[in-house]
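**Q** Quick one: this structure, given as structure tokens, is what I'll be asking you about.
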Amino acid sequence: MNPVRIGQAPWAVQRPLSRRSLLRGAGVAMTLPWLSAMERTFASSPAGSPKRFVAITLGLGLHQSNWKPEEAGFDYEPSLYLKNLQDLRRDMTIISGSSHPGVGGGHRAEASILTASPQGSSGRSRNTISIDQLMAKHLGDFTRFPSLVLSANGSDSPCYTESGAMIPAMNSPRAVFERLFVDDTPSARALQSKRLQQGVSIMDLVGEDAKDLKRKLGAGDQDRLDAFFTSVRDLEKRMQESEQWTKRPKPKVDAKPPVDVGSPNDVIAKQRTMCDVIKLALETDSSRFVTFHLGGAGGVVPIPGVEEGYHNLSHHGMDETKIAQLALVEQAIVEEWGQFLRSLRETQDQRGKLLDNTSVLLTSNLGNASNHDNRNMPVLLAGGGFRHGQHLAFDQKKNYPLPNLFVSLLQNVGIEADQFATSTGTLTGLS
């Protein structure tokens with residue numbers, strides 16, 4: 001007996017649809033997605049000050065006793081990593097005792113930092129859209145680049161599309177600078193414009209095949225297929241609208257193109273250089289949604305007193321010598337994050353301080369890198385117009401759902417969302 005398709009009435013027994021099925025028409029073939037739920041979130045037009053979001057994600061976490069204050073609330077004593085950021089105290093919030101429900105797998109959970117999608121130790125679970133890409137999907141058309149996906153080393157990123165595909169990162173600050181501020185040649189602009197003008201909706205070409213397919217599906221799968229077709233049309237619309245940017249010159253900046261850091265182990269210099277470019281991107285409104293992934297370099301970070309590789313130090317096994325060296329690396333990372341915040345606070349756009357309109361998140365998939373524990377993720381949030389200055393301390397054993405923060409961040413940029421992944425609402429205590 002043929003199995004019943006999910007979403008069909010029990011009497012509608014038909015042959016199962018092959019995962020390799022295609023929609024065809026006028027010489028084109030369109031691959032179908034796996035028919036799983038696709039929810040659409042509606043965005044409001046960003047009237048007034050544009051809201052921005054920057055996520056800086058760490059592959060090796062932060063040693064908890066060094067980043068987390070012991071006291072909760074507004075009167076906390078700064079931890080080792082925060083003691084040099086006290087001039088930023090009223091601009092940032094520390095969040096402890098939170099994590100993504102159901103997410104495990106140690107290093108594999110890098111894929112879930114911004115999606116909150118459970119991957120598991122097998123890595124077989126299907127990923128979902130990351131928060132930065134959800135923002136870019138609905139608000140990215142207001143800038144030349146809907147989003148920027150960057151990294152210190154390699155092309156891996158925590159940024160994912162609706163279909164669960166990872167978006168490769170750019171890791172050269174100079175290449176990012178040129179993409180942002182160096183105009184293409186006239187011939188390159190003409191070619192890009194021609195390609196966009198020739199865009200014919202693939203949905204029109206496969207229309208009859210799509211109608212025939214829908215008649216064979218149950219109500220649930222019909223709804224999911226409609227959602228997929230809507231996302232295809234949305235993408236085509238965005239591509240057509242992006243033609244306007246090929247006709248406009250890129251913004252001019254006084255800064256010189258950065259020099260790429262030669263050593264793959266100098267993660268601090270890489271962070272500083274890339275953050276300088278990110279600040280220029282925000283200042284010129286070239287993009288409003290940026291992710292920068294700072295993975296764990298295997299070699300020795302060139303900091304006085306550090307003698308072992310960064311990744312090896314993160315697996316310290318409570319060895320005090322290793323923890324002391326790790327602290328030098330991680331404190332430098334957090335302080336460089338603070339320098340980035342200061343640069344945004346000191347920069348004025350047409351509506352005020354850049355930091356006031358930019359939420360900046362620092363986090364990692366690992367709460368304890370030494371034993372690959374994904375609970376108790378380090379979370380620092382700054383800017384965005386939130387009321388800051390406190391340590392929101394949740395239960396270390398029964399963690400608070402971090403996706404609640406993502407709902408707050410989505411609403412902050414103007415997206416009318418009341419849920420993201422496994423969220424249960426907005427973040428308690430953040431106003």
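FYI, nothing fancy with the structure tokens labels: chains A, B, ... in order, residues from 1 per chain, ligands from 1 as they appear.
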If you count only C-alpha atoms, which residues fall within 8 Å of segment 96-105 of chain A, apart from same-chain ones fewer than 3 positions away, as a ChimeraX atom specification?

**A** /A:68,108-109,112,116-123,372-379,391-403,422

**Q** Return as CSV the residues of segment 346-368 of chain A lying at most 10 Å from segment 293-312 of chain A, together with the closest atom-to-atom pair for each and the distance in Å to one decimal, counting only C-alpha atoms, with rows in chain order and ascending residue number.

**A**
residue,atom,partner,partner_atom,distance
A:Leu362,CA,A:His293,CA,10.0
A:Thr363,CA,A:His293,CA,9.9
A:Ser364,CA,A:His293,CA,9.4

**Q** Select, from A:Leu341, A:Ala369, A:Ile56, A:Ile167, the residue with the minimum atom-to-atom distance to Leu326 of chain A, counting only C-alpha atoms.

**A**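 Among the listed residues, A:Ala369 lies closest to Leu326 of chain A.
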
**Q** Apply DSSP to the backbone of this structure and, from segment 189-411 of chain A, keep only the residues in alpha helix (DSSP H); write these as number ranges by chain.

**A** A: 189-197, 202-205, 207-215, 219-241, 243-246, 267-283, 310-314, 320-345, 403-411

**Q** Can you tell me, as an MDAnalysis selection string, what residues are no more than 8 Å from segment 384-389 of chain A when counting only C-alpha atoms, ignoring any on the same chain fewer than 4 positions away?

**A** chainID A and resid 51:53 74 89:93 355:360 412 430:431

**Q** Could you state the separation of atom CA of Arg126 of chain A and atom CA of Ser172 of chain A in Å, given to one decimal place?

**A**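 Atom-to-atom, atom CA of Arg126 of chain A to atom CA of Ser172 of chain A, that is 29.3 Å.
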
**Q** Quick check, in Å to one decimal: how far apart do atom CA of Leu80 of chain A and atom CA of Gln331 of chain A lie?

**A**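 For atom CA of Leu80 of chain A relative to atom CA of Gln331 of chain A, the distance reads 7.6 Å.
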
**Q** Counting only C-alpha atoms, which of A:Pro258, A:Pro50, A:Gly367, A:Gly425 gets nearest to Glu283 of chain A?

**A**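 The answer is A:Pro50, which sits nearest to Glu283 of chain A.
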